[in-house]
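**Student:** Let me begin by handing over the structure; questions about it come next.
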Amino acid sequence: MSTRSSPQPGDQVSNWGYTFTWTEKHPSKQEIEPLRHQYDTLGASALERLHAIRGVAVEESKAKGTPMPSSDLYTLLRDNYANDEVLSRFWEDTHTVPDWVDWEQLARGQKFFYRYLIPNLVGFAVQGFIAENSAVPGVIEVLVRTGGFSTRTLLGRILETFQWLIQITHDLPAIQPGGSGHAATMRVRLLHSSVRQRILHLANNRPSYFNTAKYGIPINTLDSIHSITAFACNPMWLQLPKFGVHPSSSDIEDYIAFFRYVSHVIGSPTEYFVDADTAKKTMESMLVHELRTTETSRVIAFNFLECVGNLPSPFYASMGFIRAASRWVNGREMCEELDVRGAGVFSYVVFMGYCCLVMGMAWLQRLIPGLDEWTIGFTRKHLYEGIVNRRSRSLFDFKYIPQVGKSTGRERFTKDGTEKGDSALLYAPVLSTVANIVDIGAFEMACLTAGLFVATMMVLAILFMGKTAPAVYTAYFAPHSVAGFA
Ligand code: HEM
C-alpha cells in the first residue's frame, strides 16, 4: 500500500479512503507539474482585445453622448469578432466542433445529470464542495481572493454554478455552437480570464499578493483539468457509489464524453478525457498529486458548512445531516483535516434513509424506462424554469474583483441578521413543530419517510421473491465500478 506522491506502476495507492493500482498510464507528477504554469492564452488575448475595444467604444459614446456599450463580454465578442483577428481566432476555436464529437452520445450524457439529480446534487455539495474544492491549494488561494467563498456570496455562487450546469445540460442545441449553454461556457471562460488577469496584475505590482512560483498561474491548465475531473469523474467514482447508486458503464462513457466537449469550449485540454478509463486515471492522479489540505482549506470548508447549514425552507438540511453525509462520503481522515466534526446517530439514520431513497429511485428508473424518461423530462423542465428563467439569472460577469489586502476568512452565516434557516415545513404545522424540535429539514423528513418506505418494500420483496432476490439485485444494482473504495 502506498500514499507516496510519486507512485510506481504496480503500487497500490491509498489516498483519502480511495484505493487503486497505479499504472504507467496514470499521468505522473512530472507530466502534470508543468501544466501549473500554463493557461488559456487564447482566452487571455481575447479578453485584452475586448477591453481595448470597449475602452474605445466608451470614449466614443462619452464624446457623442450616445448610450454606453454593453459591459457583457460575450455581447462585445459576438458584435466584434468578425473585425478582429484575435477575436476571430477565439470565436473559431470555441465554435469548431472537434471530429471526435458524437452529438447523440453527448445528448445521452446530458441526461445523466437529471437521471440521478438528487445524488448528483448531494454528491456535488458534500464531496465536490466540502472536500474537492477545499483541498486544492492553488484553487482555494484564488477563491479566497475573489470573495466568492464569503458566506454573504457563497450561496449566490453555488446557484450560478448550478445555473450553468442546467444551461449546458438543457438539450443538445443548448451546448452546440450558438446555444445558450455554449454561450454561458464562453462567458465563464472569459470570466476565468478576467480573474486570472486581475490577480496577475496585482501580483506583478506586489509579488507577495499571490505566490505564482508555488501555486502556478491563477486558474492554470492543471487546475482546470482537475476541475473537469470534479465535474465529470467524481460523481462516477467518488460520490454516487457511496450512496449505493452505480451508474452504468454507458452512462459513464457518455457523461465523460460530454465534459470532454465542455473542456474544449472552456479552453482546457481534452486528451485527459478521451474515454472513461483515461478520465478515471486522470482523476486518480489528481487525488494523489493535488488533493491536500491547508489552513485556507479549513476556512473554505467552514464557510461552506455555515452556508449550506442555513439554507431557507424548504431546502433546509440540518448541520448533522450535512456532517454525516460528509463523513460518509469523504471519510474520517479528510473530515478531521477540514474540521468537519462527526454527527449523532440520528443524523446517520436520516442519511441512510437518503441512501435508500436514491437507491430505490435508481432501481425503479432502471426497471421502468418510462419512469426514467419522465424523471429526466420533469426535472429538466422545472429546473430550467426555476433557475435559468429566473429574473436574476447570471451572465457570469466579473463581480468579486480581487484587491490587495482583501481575502476571505472564517465567517458566520448572517443574512440581514438572520442567523439560522427555518426548518419548518410550510404547510404542515404538526410536522413543522416536530422538525423544529429535532432540527430536521423537509428534505431530511422526505429522506426518512422514503427511506423507511423503500427499506420496507425491499424487505417485502426479499421475503416474497425468496432466492431470486439476490439475482435481481445483481442484475440491477451490481457495482460496475466500486473497486476503488477501501
Ligand atoms: C475548467 C473547469 C471549470 C469549470 C467548468 C468552471 C466553472 C465555473 C462556473 C460555472 C463559474 C460561474 C459561477 C460561479 O461564479 O461559480 C465559475 C466561476 C469561477 N471560477 Fe471556475 N470553473 C472551472 C475551473 C476553475 C478553476 C481551475 C478555478 C481556479 C481557482 C476557477 C475559479 C473560478 C472563480 C474564481 C470564479 C468566480 C469568479 C467570480 O464570480 O468573480 N474555476 N467557474
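Just remember, in the C-alpha cells the first chain shown is A, the second B, etc., residues are 1-based per chain, and ligands are 1-based in the order shown.
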Would you kindly return, as a PyMOL selection string, each protein, DNA or RNA residue with an atom no farther than 9 Å from any atom of range 98-103 of chain A, considering only C-alpha atoms and excluding same-chain residues fewer than 5 positions away?

**Tutor:** chain A and resi 108+172+176+257-258+260-261+264+274

**Student:** Please save C-alpha atoms of the selected residues as a compact mmCIF listing (two decimals), in the first residue's frame.

**Tutor:**
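Result file follows (again-v6.txt):
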# COMPACT_ATOMS: atom_id res chain seq x y z
CA ARG A 108 -27.24 10.93 -23.65
CA LEU A 172 -28.44 19.34 -27.44
CA GLN A 176 -23.95 23.27 -29.71
CA ALA A 257 -17.62 12.49 -23.43
CA PHE A 258 -19.97 15.37 -22.68
CA ARG A 260 -14.64 16.37 -22.80
CA TYR A 261 -16.52 18.65 -25.17
CA HIS A 264 -12.84 22.03 -25.33
CA VAL A 274 -10.73 10.69 -24.29

**Student:** At most 8 Å is the cut-off: for each residue in chain A with any atom that close to an atom of ligand 1, write down the nearest atom pair and the distance in Å rounded to one decimal, counting only C-alpha atoms and all ligand atoms, chain first then increasing number, as a Markdown table.

**Tutor:**
| residue | atom | partner | partner_atom_place_in_ligand_line | distance |
| --- | --- | --- | --- | --- |
| A:Gly138 | CA | ligand 1 | 30 (C) | 6.8 |
| A:Val139 | CA | ligand 1 | 30 (C) | 3.7 |
| A:Ile140 | CA | ligand 1 | 30 (C) | 6.2 |
| A:Glu141 | CA | ligand 1 | 30 (C) | 7.3 |
| A:Val142 | CA | ligand 1 | 30 (C) | 4.8 |
| A:Leu143 | CA | ligand 1 | 35 (C) | 5.0 |
| A:Arg145 | CA | ligand 1 | 35 (C) | 7.8 |
| A:Thr146 | CA | ligand 1 | 35 (C) | 5.6 |
| A:Gly147 | CA | ligand 1 | 41 (O) | 7.6 |
| A:Gly148 | CA | ligand 1 | 40 (O) | 6.2 |
| A:Gly156 | CA | ligand 1 | 15 (O) | 7.8 |
| A:Arg157 | CA | ligand 1 | 16 (O) | 4.4 |
| A:Ile158 | CA | ligand 1 | 16 (O) | 5.8 |
| A:Leu159 | CA | ligand 1 | 13 (C) | 7.6 |
| A:Glu160 | CA | ligand 1 | 13 (C) | 4.4 |
| A:Thr161 | CA | ligand 1 | 13 (C) | 4.1 |
| A:Phe162 | CA | ligand 1 | 10 (C) | 7.4 |
| A:Gln163 | CA | ligand 1 | 10 (C) | 7.7 |
| A:Trp164 | CA | ligand 1 | 10 (C) | 5.1 |
| A:Leu165 | CA | ligand 1 | 10 (C) | 7.1 |
| A:Thr185 | CA | ligand 1 | 10 (C) | 7.2 |
| A:Val188 | CA | ligand 1 | 11 (C) | 5.5 |
| A:Arg189 | CA | ligand 1 | 43 (N) | 7.9 |
| A:Leu191 | CA | ligand 1 | 38 (C) | 6.2 |
| A:His192 | CA | ligand 1 | 20 (N) | 5.8 |
| A:Val195 | CA | ligand 1 | 35 (C) | 6.2 |
| A:Pro218 | CA | ligand 1 | 29 (C) | 6.3 |
| A:Ile219 | CA | ligand 1 | 29 (C) | 4.0 |
| A:Asn220 | CA | ligand 1 | 27 (C) | 6.2 |
| A:Thr221 | CA | ligand 1 | 27 (C) | 7.3 |
| A:Leu222 | CA | ligand 1 | 27 (C) | 7.4 |
| A:Asp223 | CA | ligand 1 | 27 (C) | 4.1 |
| A:Ser224 | CA | ligand 1 | 1 (C) | 3.8 |
| A:Ile225 | CA | ligand 1 | 1 (C) | 6.0 |
| A:His226 | CA | ligand 1 | 27 (C) | 6.9 |
| A:Ser227 | CA | ligand 1 | 2 (C) | 4.5 |
| A:Ile228 | CA | ligand 1 | 2 (C) | 4.8 |
| A:Phe231 | CA | ligand 1 | 5 (C) | 7.2 |
| A:Val262 | CA | ligand 1 | 5 (C) | 7.4 |
| A:Ser263 | CA | ligand 1 | 1 (C) | 6.3 |
| A:Ile266 | CA | ligand 1 | 1 (C) | 6.3 |
| A:Gly267 | CA | ligand 1 | 1 (C) | 7.5 |
| A:Ser268 | CA | ligand 1 | 1 (C) | 6.0 |
| A:Phe396 | CA | ligand 1 | 12 (C) | 5.6 |
| A:Asp397 | CA | ligand 1 | 40 (O) | 6.8 |
| A:Phe398 | CA | ligand 1 | 41 (O) | 4.6 |
| A:Lys399 | CA | ligand 1 | 41 (O) | 4.7 |
| A:Tyr400 | CA | ligand 1 | 41 (O) | 4.3 |
| A:Ile401 | CA | ligand 1 | 41 (O) | 6.4 |

**Student:** Would you mind listing what lies within 8 Å of Tyr74 in chain A as a list of chain:residue names, with only C-alpha atoms counted and same-chain residues fewer than 2 positions away left out?

**Tutor:**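 Answer for this query is A:Asp72, A:Leu76, A:Leu77, A:Arg78, A:Ala183, A:Met186, A:Arg187.
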
**Student:** Between CA of Arg341 in chain A and CA of Arg152 in chain A, what is the distance in Å, rounded to a tenth?

**Tutor:**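 Those two atoms sit 23.0 Å apart.
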
**Student:** Hey, what's within 9 Å of Ser250 in chain A if we count only C-alpha atoms and toss same-chain stuff fewer than 4 positions away? As a compact mmCIF listing (two decimals) with C-alpha atoms, in the first residue's frame, please?

**Tutor:**
# COMPACT_ATOMS: atom_id res chain seq x y z
CA GLY A 109 -24.54 12.37 -21.40
CA ASP A 254 -21.47 9.42 -22.20
CA TYR A 255 -21.06 11.87 -19.33

**Student:** Distance CA of Thr23 in chain A-CA of Gln239 in chain A, one decimal place?

**Tutor:** 23.0 Å

**Student:** Could you pull out the residues in range 160-275 of chain A that DSSP calls alpha helix (DSSP H) from the backbone, as a compact mmCIF listing (two decimals) with C-alpha atoms, in the first residue's frame?

**Tutor:**
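out37.txt written:
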# COMPACT_ATOMS: atom_id res chain seq x y z
CA GLU A 160 -24.65 30.38 -10.53
CA THR A 161 -22.70 27.15 -10.95
CA PHE A 162 -25.96 25.24 -10.79
CA GLN A 163 -27.46 27.59 -13.40
CA TRP A 164 -24.52 26.92 -15.70
CA LEU A 165 -24.93 23.15 -15.25
CA ILE A 166 -28.61 23.40 -16.11
CA GLN A 167 -27.85 25.56 -19.13
CA ILE A 168 -25.27 23.18 -20.57
CA THR A 169 -27.37 20.07 -19.99
CA LEU A 172 -28.44 19.34 -27.44
CA PRO A 173 -28.89 22.72 -29.20
CA ALA A 174 -28.03 24.41 -25.88
CA ILE A 175 -24.46 23.13 -25.95
CA SER A 180 -27.30 29.23 -24.55
CA GLY A 181 -25.16 26.68 -22.66
CA HIS A 182 -22.38 27.16 -25.20
CA ALA A 183 -22.53 30.93 -24.76
CA ALA A 184 -22.65 30.54 -20.96
CA THR A 185 -19.49 28.42 -21.12
CA MET A 186 -17.74 31.05 -23.25
CA ARG A 187 -18.78 33.66 -20.68
CA VAL A 188 -17.31 31.54 -17.89
CA ARG A 189 -14.09 31.16 -19.93
CA LEU A 190 -13.83 34.94 -20.22
CA LEU A 191 -14.67 35.30 -16.53
CA HIS A 192 -11.79 32.96 -15.67
CA SER A 193 -9.50 35.07 -17.87
CA SER A 194 -10.66 38.22 -16.04
CA VAL A 195 -9.93 36.69 -12.62
CA ARG A 196 -6.50 35.50 -13.77
CA GLN A 197 -5.61 38.82 -15.38
CA ARG A 198 -6.60 40.75 -12.25
CA ILE A 199 -4.67 38.52 -9.83
CA LEU A 200 -1.58 38.51 -12.05
CA HIS A 201 -1.76 42.29 -12.32
CA LEU A 202 -1.85 42.65 -8.53
CA ALA A 203 0.92 40.07 -8.10
CA ASN A 204 3.13 41.91 -10.62
CA ASN A 205 2.94 45.05 -8.52
CA THR A 212 2.83 32.04 -8.59
CA ALA A 213 6.02 30.02 -8.01
CA LYS A 214 4.15 27.82 -5.52
CA TYR A 215 0.60 27.81 -6.85
CA THR A 221 -4.26 24.35 -17.05
CA LEU A 222 -3.64 21.79 -14.30
CA ASP A 223 -6.30 23.29 -12.01
CA SER A 224 -8.70 23.35 -14.96
CA ILE A 225 -8.14 19.67 -15.74
CA HIS A 226 -8.69 18.98 -12.04
CA SER A 227 -11.94 20.95 -12.08
CA ILE A 228 -13.18 18.97 -15.08
CA THR A 229 -12.48 15.73 -13.19
CA ALA A 230 -14.52 17.13 -10.29
CA PHE A 231 -17.49 17.77 -12.57
CA ALA A 232 -17.22 14.68 -14.79
CA ASN A 234 -16.18 12.40 -9.17
CA SER A 249 -20.75 1.93 -17.99
CA SER A 250 -22.57 3.64 -20.89
CA ASP A 251 -23.76 6.40 -18.54
CA ILE A 252 -20.15 6.93 -17.50
CA GLU A 253 -18.76 6.99 -21.07
CA ASP A 254 -21.47 9.42 -22.20
CA TYR A 255 -21.06 11.87 -19.33
CA ILE A 256 -17.27 11.89 -19.67
CA ALA A 257 -17.62 12.49 -23.43
CA PHE A 258 -19.97 15.37 -22.68
CA PHE A 259 -17.46 17.01 -20.35
CA ARG A 260 -14.64 16.37 -22.80
CA TYR A 261 -16.52 18.65 -25.17
CA VAL A 262 -17.21 21.20 -22.39
CA SER A 263 -13.48 21.11 -21.71
CA HIS A 264 -12.84 22.03 -25.33
CA VAL A 265 -15.22 25.02 -25.21
CA ILE A 266 -13.85 26.29 -21.88

**Student:** Each residue of range 224-323 of chain A with at least one atom at most 9 Å from range 444-454 of chain A should appear once, together with its nearest atom pair and the corresponding distance in Å (one decimal); atoms considered: only C-alpha atoms; ordering: chain, then increasing residue number; output as CSV.

**Tutor:**
residue,atom,partner,partner_atom,distance
A:Tyr316,CA,A:Glu444,CA,8.5
A:Ala317,CA,A:Glu444,CA,6.5
A:Ser318,CA,A:Glu444,CA,8.1
A:Phe321,CA,A:Glu444,CA,7.8

**Student:** Could you please determine the separation between CA of Pro247 in chain A and CA of Arg332 in chain A in Å, to one decimal place?

**Tutor:**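 Straight-line distance from CA of Pro247 in chain A to CA of Arg332 in chain A works out to 25.0 Å.
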
**Student:** If you count only C-alpha atoms, which residues fall within 8 Å of His95 in chain A, apart from same-chain ones fewer than 2 positions away, as a list in words?

**Tutor:**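 Returned residues: Trp91, Glu92, Asp93, Val97, Pro177, Gly178 and Val265 of chain A.
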
**Student:** Save the residues we just selected, N, CA and C atoms, as a PDB file, in the first residue's frame?

**Tutor:**
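Wrote it out as part_38.pdb, contents follow:
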ATOM      1  N   TRP A  91     -13.234  33.005 -31.468  1.00  0.00           N
ATOM      2  CA  TRP A  91     -14.583  32.601 -31.878  1.00  0.00           C
ATOM      3  C   TRP A  91     -14.535  31.265 -32.612  1.00  0.00           C
ATOM      4  N   GLU A  92     -13.564  31.183 -33.536  1.00  0.00           N
ATOM      5  CA  GLU A  92     -13.451  29.958 -34.326  1.00  0.00           C
ATOM      6  C   GLU A  92     -13.080  28.768 -33.431  1.00  0.00           C
ATOM      7  N   ASP A  93     -12.162  29.011 -32.497  1.00  0.00           N
ATOM      8  CA  ASP A  93     -11.729  27.940 -31.589  1.00  0.00           C
ATOM      9  C   ASP A  93     -12.924  27.376 -30.802  1.00  0.00           C
ATOM     10  N   VAL A  97     -16.269  22.313 -34.020  1.00  0.00           N
ATOM     11  CA  VAL A  97     -16.655  21.071 -33.340  1.00  0.00           C
ATOM     12  C   VAL A  97     -15.607  20.001 -33.648  1.00  0.00           C
ATOM     13  N   PRO A 177     -22.649  25.020 -30.844  1.00  0.00           N
ATOM     14  CA  PRO A 177     -22.253  26.417 -31.076  1.00  0.00           C
ATOM     15  C   PRO A 177     -23.472  27.318 -31.291  1.00  0.00           C
ATOM     16  N   GLY A 178     -23.505  28.402 -30.566  1.00  0.00           N
ATOM     17  CA  GLY A 178     -24.630  29.342 -30.666  1.00  0.00           C
ATOM     18  C   GLY A 178     -25.692  29.100 -29.604  1.00  0.00           C
ATOM     19  N   VAL A 265     -14.629  23.665 -25.081  1.00  0.00           N
ATOM     20  CA  VAL A 265     -15.219  25.015 -25.206  1.00  0.00           C
ATOM     21  C   VAL A 265     -14.624  25.954 -24.150  1.00  0.00           C
TER      22      VAL A 265
END
